[in-house]
>>> print(open('model24.txt').read())   # compact mmCIF, C-alpha atoms
# COMPACT_ATOMS: atom_id res chain seq x y z
CA MET A 1 66.51 11.51 40.52
CA ASN A 2 67.02 15.24 40.46
CA ARG A 3 64.04 16.83 38.64
CA SER A 4 65.81 20.09 37.83
CA LYS A 5 68.28 18.20 35.61
CA ASP A 6 65.84 16.14 33.63
CA LEU A 7 62.34 17.64 33.47
CA ASP A 8 61.12 15.20 30.76
CA THR A 9 61.45 12.21 33.03
CA VAL A 10 58.52 11.41 35.30
CA ALA A 11 59.42 11.45 38.93
CA PRO A 12 58.21 8.60 41.20
CA ASP A 13 55.99 10.96 43.24
CA ASP A 14 54.29 12.41 40.12
CA GLU A 15 50.64 11.56 39.39
CA VAL A 16 50.40 8.56 37.12
CA VAL A 17 48.40 9.24 33.99
CA VAL A 18 46.39 6.16 32.96
CA PRO A 19 46.93 5.50 29.26
CA THR A 20 43.79 5.23 27.14
CA PRO A 21 44.34 1.71 25.72
CA LYS A 22 43.80 0.25 29.19
CA LYS A 23 40.25 1.65 29.21
CA LYS A 24 39.55 -0.19 26.01
CA GLU A 25 40.71 -3.41 27.61
CA VAL A 26 38.27 -2.85 30.49
CA VAL A 27 35.41 -2.36 28.03
CA ALA A 28 36.41 -5.48 26.14
CA GLU A 29 36.48 -7.49 29.37
CA LYS A 30 33.02 -6.20 30.25
CA LYS A 31 31.60 -7.29 26.91
CA ILE A 32 33.04 -10.74 27.34
CA GLU A 33 31.45 -10.97 30.77
CA VAL A 34 27.99 -10.10 29.38
CA ASP A 35 28.37 -12.59 26.56
CA ASN A 36 29.29 -15.33 28.98
CA SER A 37 26.33 -14.58 31.22
CA LYS A 38 23.78 -15.04 28.38
CA PRO A 39 23.81 -18.83 28.05
CA ASP A 40 23.74 -19.16 31.83
CA PHE A 41 20.60 -17.07 32.05
CA SER A 42 18.97 -19.02 29.22
CA GLN A 43 19.53 -22.12 31.31
CA THR A 44 17.99 -20.29 34.28
CA VAL A 45 14.95 -19.49 32.11
CA TYR A 46 14.58 -23.17 31.24
CA ASP A 47 15.06 -24.14 34.88
CA ILE A 48 12.26 -21.81 35.98
CA LEU A 49 9.82 -22.29 33.11
CA GLY A 50 10.65 -25.69 31.63
CA HIS A 51 10.50 -26.44 27.91
CA THR A 52 7.61 -25.91 25.50
CA LYS A 53 6.46 -28.96 23.58
CA SER A 54 3.71 -27.63 21.33
CA PRO A 55 3.92 -24.48 19.18
CA PHE A 56 0.18 -23.96 19.87
CA SER A 57 0.92 -23.85 23.58
CA SER A 58 -0.15 -20.77 25.50
CA PHE A 59 3.19 -20.81 27.34
CA LEU A 60 6.09 -20.54 24.89
CA VAL A 61 9.54 -20.59 26.45
CA ARG A 62 12.22 -18.89 24.32
CA PRO A 63 10.25 -19.15 21.06
CA LYS A 64 12.54 -19.28 18.05
CA ILE A 65 10.18 -18.23 15.25
CA LEU A 66 7.84 -15.88 17.09
CA THR A 67 8.73 -12.22 16.79
CA PHE A 68 7.04 -8.80 16.78
CA THR A 69 7.48 -5.58 14.84
CA GLU A 70 8.66 -3.44 17.75
CA ARG A 71 11.39 -5.92 18.69
CA ASP A 72 14.96 -4.61 18.85
CA GLU A 73 17.76 -6.32 16.97
CA ASN A 74 19.44 -7.91 19.97
CA GLU A 75 16.30 -8.37 22.00
CA GLU A 76 15.72 -11.93 23.09
CA ILE A 77 12.25 -13.24 23.95
CA TYR A 78 12.39 -15.35 27.10
CA LEU A 79 8.70 -16.03 27.36
CA ALA A 80 5.62 -15.54 25.18
CA VAL A 81 2.31 -16.15 26.91
CA ARG A 82 -1.24 -16.28 25.65
CA PRO A 83 -4.34 -16.67 27.81
CA HIS A 84 -4.74 -20.27 28.99
CA TRP A 85 -6.39 -22.57 26.43
CA ALA A 86 -9.17 -23.35 28.92
CA ASN A 87 -10.52 -19.87 28.19
CA ASN A 88 -11.35 -21.09 24.69
CA ILE A 89 -13.69 -23.84 25.86
CA SER A 90 -16.79 -21.61 25.94
CA TRP A 91 -16.56 -20.38 22.34
CA VAL A 92 -15.54 -23.82 21.05
CA ILE A 93 -18.72 -25.29 22.56
CA ILE A 94 -20.85 -22.45 21.15
CA ALA A 95 -19.31 -22.86 17.66
CA PHE A 96 -19.85 -26.61 17.85
CA LEU A 97 -23.51 -26.15 18.74
CA MET A 98 -23.92 -23.58 15.97
CA LEU A 99 -22.93 -26.27 13.46
CA PHE A 100 -26.11 -28.20 14.25
CA VAL A 101 -28.55 -25.28 14.08
CA PRO A 102 -29.41 -25.82 10.34
CA LEU A 103 -30.62 -29.31 11.22
CA PHE A 104 -33.47 -27.68 13.14
CA PHE A 105 -34.53 -25.43 10.24
CA LYS A 106 -36.99 -28.06 8.99
CA TYR A 107 -39.00 -27.74 12.20
CA PHE A 108 -39.82 -24.14 11.38
CA THR A 109 -42.74 -24.00 8.95
CA PHE A 110 -41.87 -20.43 7.98
CA ILE A 111 -38.50 -21.56 6.56
CA ASN A 112 -40.12 -24.41 4.60
CA PHE A 113 -42.15 -21.78 2.76
CA PHE A 114 -38.98 -20.64 0.92
CA PRO A 115 -37.71 -22.51 -2.19
CA SER A 116 -34.75 -24.88 -1.74
CA GLN A 117 -32.28 -22.39 -3.30
CA TYR A 118 -33.12 -19.81 -0.66
CA ARG A 119 -32.70 -22.41 2.06
CA PHE A 120 -29.32 -23.47 0.64
CA THR A 121 -28.01 -19.90 0.64
CA ALA A 122 -29.35 -19.37 4.17
CA VAL A 123 -27.49 -22.50 5.35
CA LEU A 124 -24.31 -21.37 3.57
CA PHE A 125 -24.63 -17.95 5.19
CA TRP A 126 -25.14 -19.54 8.60
CA TYR A 127 -22.02 -21.71 8.26
CA LEU A 128 -19.97 -18.69 7.19
CA ILE A 129 -21.15 -16.82 10.28
CA THR A 130 -20.27 -19.87 12.41
CA PHE A 131 -16.83 -20.04 10.85
CA ILE A 132 -16.09 -16.34 11.26
CA TYR A 133 -17.29 -16.43 14.86
CA ALA A 134 -14.86 -19.25 15.70
CA PHE A 135 -12.07 -17.75 13.58
CA GLU A 136 -12.39 -14.32 15.18
CA LYS A 137 -12.34 -15.85 18.68
CA PHE A 138 -9.28 -17.90 17.76
CA LEU A 139 -7.47 -14.87 16.35
CA SER A 140 -8.27 -12.84 19.47
CA TRP A 141 -6.67 -15.59 21.54
CA TYR A 142 -3.76 -16.29 19.20
CA PHE A 143 -2.67 -12.67 18.80
CA ASN A 144 -3.24 -11.70 22.42
CA LEU A 145 0.37 -11.96 23.54
CA PHE A 146 2.31 -11.12 26.64
CA LEU A 147 6.04 -11.14 26.14
CA ILE A 148 8.94 -11.06 28.53
CA THR A 149 12.24 -10.22 26.88
CA ASN A 150 15.72 -9.47 28.18
CA GLU A 151 14.85 -5.75 28.01
CA ARG A 152 11.14 -5.30 28.79
CA VAL A 153 7.67 -6.71 29.23
CA VAL A 154 5.28 -6.28 26.33
CA ASP A 155 1.52 -6.63 26.04
CA ILE A 156 0.04 -6.94 22.54
CA ASP A 157 -3.74 -7.12 22.16
CA PHE A 158 -6.00 -7.19 19.14
CA ASN A 159 -9.59 -6.49 20.12
CA ASN A 160 -12.39 -7.41 17.71
CA LEU A 161 -10.00 -7.55 14.75
CA LEU A 162 -10.00 -3.76 14.48
CA ASN A 163 -8.13 -2.39 17.49
CA LYS A 164 -4.50 -2.97 18.30
CA HIS A 165 -3.21 -2.26 21.78
CA PHE A 166 0.53 -2.22 22.50
CA ALA A 167 1.99 -1.56 25.93
CA GLU A 168 5.54 -2.02 27.17
CA ALA A 169 7.64 -1.33 30.24
CA ASP A 170 11.38 -1.67 30.73
CA LEU A 171 12.48 -4.26 33.25
CA SER A 172 14.20 -1.52 35.26
CA MET A 173 10.86 0.32 35.50
CA ILE A 174 9.00 -2.56 37.14
CA GLN A 175 8.05 -1.71 40.71
CA ASP A 176 5.65 -4.40 41.92
CA VAL A 177 4.43 -7.68 40.56
CA SER A 178 1.37 -9.46 41.90
CA SER A 179 -0.77 -12.37 40.76
CA SER A 180 -4.26 -13.67 41.42
CA VAL A 181 -5.81 -17.02 40.61
CA LYS A 182 -9.60 -16.89 40.67
CA GLY A 183 -12.47 -19.32 40.34
CA ILE A 184 -12.78 -23.06 39.89
CA PHE A 185 -11.36 -23.07 36.36
CA GLY A 186 -8.41 -20.89 37.38
CA THR A 187 -7.54 -23.10 40.30
CA PHE A 188 -8.09 -26.32 38.38
CA PHE A 189 -6.05 -25.34 35.31
CA ASN A 190 -3.63 -23.08 37.20
CA PHE A 191 -4.14 -19.81 35.36
CA GLY A 192 -4.65 -16.28 36.60
CA ASP A 193 -3.79 -12.62 36.21
CA VAL A 194 -0.31 -11.17 36.65
CA LEU A 195 -0.37 -7.46 37.44
CA ILE A 196 2.85 -5.55 36.83
CA GLN A 197 3.04 -2.03 38.22
CA THR A 198 5.61 0.17 36.60
CA ALA A 199 7.20 3.57 36.97
CA SER A 200 6.89 4.24 33.26
CA GLU A 201 4.11 6.05 31.39
CA VAL A 202 1.98 2.92 31.33
CA ASN A 203 1.22 2.55 35.04
CA GLN A 204 0.38 -1.10 34.93
CA ILE A 205 0.49 -4.04 32.59
CA ASN A 206 -1.95 -6.83 33.22
CA PHE A 207 -1.26 -10.33 31.90
CA GLU A 208 -4.79 -11.74 31.90
CA LYS A 209 -5.66 -15.39 32.46
CA VAL A 210 -2.13 -16.59 31.78
CA PRO A 211 -0.97 -20.07 32.74
CA ASN A 212 1.54 -20.63 35.56
CA PRO A 213 1.48 -17.11 37.07
CA GLU A 214 3.91 -18.18 39.81
CA LYS A 215 6.55 -19.11 37.22
CA ILE A 216 6.11 -15.75 35.47
CA ILE A 217 6.59 -13.93 38.76
CA LYS A 218 9.72 -15.97 39.48
CA LEU A 219 11.16 -15.17 36.05
CA LEU A 220 10.40 -11.47 36.49
CA LYS A 221 12.10 -11.51 39.89
CA GLU A 222 15.22 -13.12 38.40
CA LEU A 223 15.26 -10.58 35.57
CA ARG A 224 14.83 -7.67 37.97
CA ASP A 225 17.67 -9.02 40.13
CA LEU A 226 19.84 -9.31 37.06
CA GLU A 227 18.90 -5.77 36.05
CA ASP A 228 19.75 -4.50 39.55
CA GLN A 229 23.11 -6.29 39.37
CA LYS A 230 23.84 -4.69 36.02
CA ASN A 231 22.87 -1.24 37.29
CA GLY A 232 24.85 -1.76 40.50
CA GLY A 233 27.89 -2.94 38.50
CA GLY A 234 27.60 0.10 36.26
CA LYS A 235 27.59 2.46 39.23
CA ASP A 236 30.63 0.73 40.76
CA ASN A 237 32.60 1.15 37.59
CA GLU A 238 31.73 4.81 37.39
CA MET B 1 -48.87 -18.24 4.71
CA ASN B 2 -48.38 -19.45 1.11
CA ASN B 3 -52.11 -19.17 0.48
CA PHE B 4 -52.22 -15.78 2.11
CA LEU B 5 -49.53 -14.45 -0.21
CA ASN B 6 -51.17 -16.04 -3.28
CA ILE B 7 -54.51 -14.58 -2.38
CA ASN B 8 -53.15 -11.11 -2.13
CA GLY B 9 -50.79 -11.53 -5.09
CA LEU B 10 -47.85 -10.54 -2.97
CA GLU B 11 -45.70 -13.68 -3.38
CA ASN B 12 -43.47 -12.23 -6.09
CA TYR B 13 -43.02 -8.98 -4.21
CA PHE B 14 -42.17 -10.88 -1.06
CA PHE B 15 -39.48 -12.93 -2.80
CA ILE B 16 -38.06 -9.85 -4.52
CA ILE B 17 -37.78 -8.04 -1.18
CA THR B 18 -36.19 -11.14 0.39
CA LYS B 19 -33.73 -11.39 -2.48
CA ILE B 20 -32.75 -7.72 -2.16
CA PHE B 21 -32.32 -8.19 1.57
CA PHE B 22 -30.15 -11.31 1.07
CA ILE B 23 -28.01 -9.62 -1.60
CA SER B 24 -27.41 -6.52 0.51
CA CYS B 25 -26.50 -8.74 3.49
CA SER B 26 -24.07 -10.75 1.37
CA ILE B 27 -22.46 -7.56 -0.01
CA LEU B 28 -21.94 -6.33 3.55
CA TYR B 29 -20.54 -9.73 4.44
CA LEU B 30 -18.13 -9.56 1.50
CA ILE B 31 -16.87 -6.18 2.75
CA PHE B 32 -16.48 -7.69 6.20
CA SER B 33 -14.49 -10.65 4.85
CA LEU B 34 -12.20 -8.23 2.99
CA ILE B 35 -11.61 -6.45 6.31
CA VAL B 36 -10.84 -9.83 7.91
CA VAL B 37 -8.23 -10.58 5.23
CA LYS B 38 -6.65 -7.15 5.74
CA GLN B 39 -6.64 -7.50 9.49
CA VAL B 40 -5.22 -11.03 9.54
CA THR B 41 -2.45 -9.88 7.18
CA SER B 42 -1.61 -6.86 9.35
CA MET B 43 -1.78 -8.98 12.53
CA SER B 44 0.60 -11.46 10.95
CA LYS B 45 2.98 -8.65 10.07
CA SER B 46 2.79 -7.31 13.60
CA VAL B 47 3.32 -10.66 15.31
CA THR B 48 5.15 -13.22 13.20
CA ASP B 49 4.73 -16.86 14.06
CA LYS B 50 4.87 -20.30 12.47
CA PHE B 51 1.15 -20.63 11.71
CA ASN B 52 0.50 -17.18 10.28
CA PRO B 53 0.46 -18.37 6.63
CA ILE B 54 -2.23 -20.91 7.54
CA LEU B 55 -4.34 -18.19 9.17
CA ILE B 56 -3.96 -15.96 6.12
CA LEU B 57 -4.97 -18.91 3.94
CA PHE B 58 -8.10 -19.42 6.07
CA SER B 59 -9.04 -15.76 5.72
CA PHE B 60 -8.72 -16.03 1.93
CA ILE B 61 -10.80 -19.23 1.86
CA HIS B 62 -13.43 -17.34 3.86
CA LEU B 63 -13.29 -14.51 1.33
CA GLY B 64 -13.76 -17.04 -1.48
CA PHE B 65 -16.85 -18.46 0.21
CA SER B 66 -18.33 -15.00 0.73
CA ILE B 67 -17.90 -14.34 -3.01
CA LEU B 68 -19.61 -17.68 -3.65
CA LEU B 69 -22.42 -16.55 -1.35
CA ILE B 70 -22.94 -13.39 -3.39
CA LEU B 71 -23.00 -15.40 -6.63
CA THR B 72 -25.62 -17.77 -5.23
CA MET B 73 -27.67 -14.82 -4.02
CA PHE B 74 -27.68 -13.34 -7.55
CA GLY B 75 -28.64 -16.77 -8.87
CA LEU B 76 -31.81 -16.90 -6.78
>>> encode(input="model24.txt", output="structure tokens")
Amino acid sequence: MNRSKDLDTVAPDDEVVVPTPKKKEVVAEKKIEVDNSKPDFSQTVYDILGHTKSPFSSFLVRPKILTFTERDENEEIYLAVRPHWANNISWVIIAFLMLFVPLFFKYFTFINFFPSQYRFTAVLFWYLITFIYAFEKFLSWYFNLFLITNERVVDIDFNNLLNKHFAEADLSMIQDVSSSVKGIFGTFFNFGDVLIQTASEVNQINFEKVPNPEKIIKLLKELRDLEDQKNGGGKDNE
Amino acid sequence: MNNFLNINGLENYFFIITKIFFISCSILYLIFSLIVVKQVTSMSKSVTDKFNPILILFSFIHLGFSILLILTMFGL
């Protein structure tokens, strides 16, 4: 084709301009890929961690009801962990023993000096203290959560009912993960600490006395690999 | 001890002081149980789970008992 005769026609050696609709198609394909990968990874989570049977478990795999205020709309919780239930044994025993303390009141002559009404209120007061001791310990355990989501790791602590501690780190920010199982109880019940070192503002996140630390590490490794793949894929496309 | 207090005529004073002490303790305890209710509610808002309503219920029962404690203290 002679270009001087028809300048509106594109010559075969001219640079081909990629039309914009094709880009949209690429984006659409990408989205479909991500959507397809989700159920596969959920299965991977179950393969690594197994299924949770009890809602009171300290190792909740993909909890359906549990959520937290700082959670994003599309954020999915893969794992919610509390300290191992064996850590509750000490306060349960103490609370149980506290229940029987009023039975020994009669052996103290000083207490017998008070009228029965005074003794009744003292016993009521004692049982309220016993209850609040156990309740506060339970709440500290129940609301002490470590979460692993598809975006980040989160540590939520409530200390002594009055202090809330919230720490998070993106999965891409995780640098090193290590675990330690200590003592007879830790070895026997298989619980320990998982220390996550990050490149974010919070230098490290410590999951304390959590059950199955090796499974948590394996899940974090899988998530980091997935994150690396995503980042690598993103760079390739660019 | 009973005789000692009777001899010195201090029995009534002793019981009055004890009563004041018990009442002030129970008022402090009532304030504490109100804080517990507030904290359990805010904890439940922060972390939502299946058993949160039960925990809130327990905190309110505890508050009820601390009110009962104050009433019994005034009844002494």
>>> interface_residues(input="model24.txt", of="chain B", to="chain A", cutoff="6 Å", atoms="all atoms listed in the file", output="count of residues only")
4
>>> residues_around(input="model24.txt", residues="Phe100 of chain A", least_positions_apart="6", cutoff="12 Å", atoms="only C-alpha atoms", output="ChimeraX atom specification")
/A:93-94,123,126-127,130
>>> closest_residue(input="model24.txt", among="A:Arg224, A:Lys182, A:Lys215, A:Lys106", to="Tyr46 of chain A", atoms="all atoms listed in the file")
A:Lys215
>>> atom_distance(input="model24.txt", atom1="atom CA of Val181 of chain A", atom2="atom CA of Phe41 of chain A")
27.8 Å
>>> closest_residue(input="model24.txt", among="A:Glu227, A:Trp91, A:Lys221, A:Ala169", to="Tyr133 of chain A", atoms="all atoms listed in the file")
A:Trp91
>>> axis_aligned_box(input="model24.txt", around="segment 21-27 of chain B", padding_each_side="4 Å", output="AutoDock Vina command-line options")
--center_x -27.4 --center_y -8.9 --center_z 0.9 --size_x 17.9 --size_y 12.8 --size_z 13.1
>>> atom_distance(input="model24.txt", atom1="atom CA of Arg152 of chain A", atom2="atom CA of Gly232 of chain A")
18.4 Å
>>> residues_around(input="model24.txt", residues="Val37 of chain B", least_positions_apart="3", cutoff="12 Å", atoms="all atoms listed in the file", output="list of chain:residue names")
A:Ile132, A:Phe135, A:Glu136, A:Leu139, A:Leu161, A:Leu162, B:Leu30, B:Ile31, B:Phe32, B:Ser33, B:Leu34, B:Val40, B:Thr41, B:Ser42, B:Met43, B:Ser44, B:Pro53, B:Leu55, B:Ile56, B:Leu57, B:Phe58, B:Ser59, B:Phe60, B:Ile61, B:His62, B:Leu63, B:Gly64, B:Ser66
>>> atom_distance(input="model24.txt", atom1="atom CA of Ile67 of chain B", atom2="atom CA of Cys25 of chain B")
12.1 Å
>>> closest_residue(input="model24.txt", among="A:Leu226, A:Leu79, A:Ile184, A:Ile48", to="Asp155 of chain A", atoms="all atoms listed in the file")
A:Leu79
>>> closest_residue(input="model24.txt", among="B:Asn12, B:Gln39, B:Ser24, B:Ile54", to="Ser140 of chain A", atoms="only C-alpha atoms")
B:Gln39
>>> closest_residue(input="model24.txt", among="A:Phe166, A:Trp141, A:Phe207, A:Phe189", to="Asn88 of chain A", atoms="all atoms listed in the file")
A:Trp141
>>> closest_residue(input="model24.txt", among="A:Glu75, A:Val61, A:Tyr107, A:Arg119", to="Gln43 of chain A", atoms="only C-alpha atoms")
A:Val61
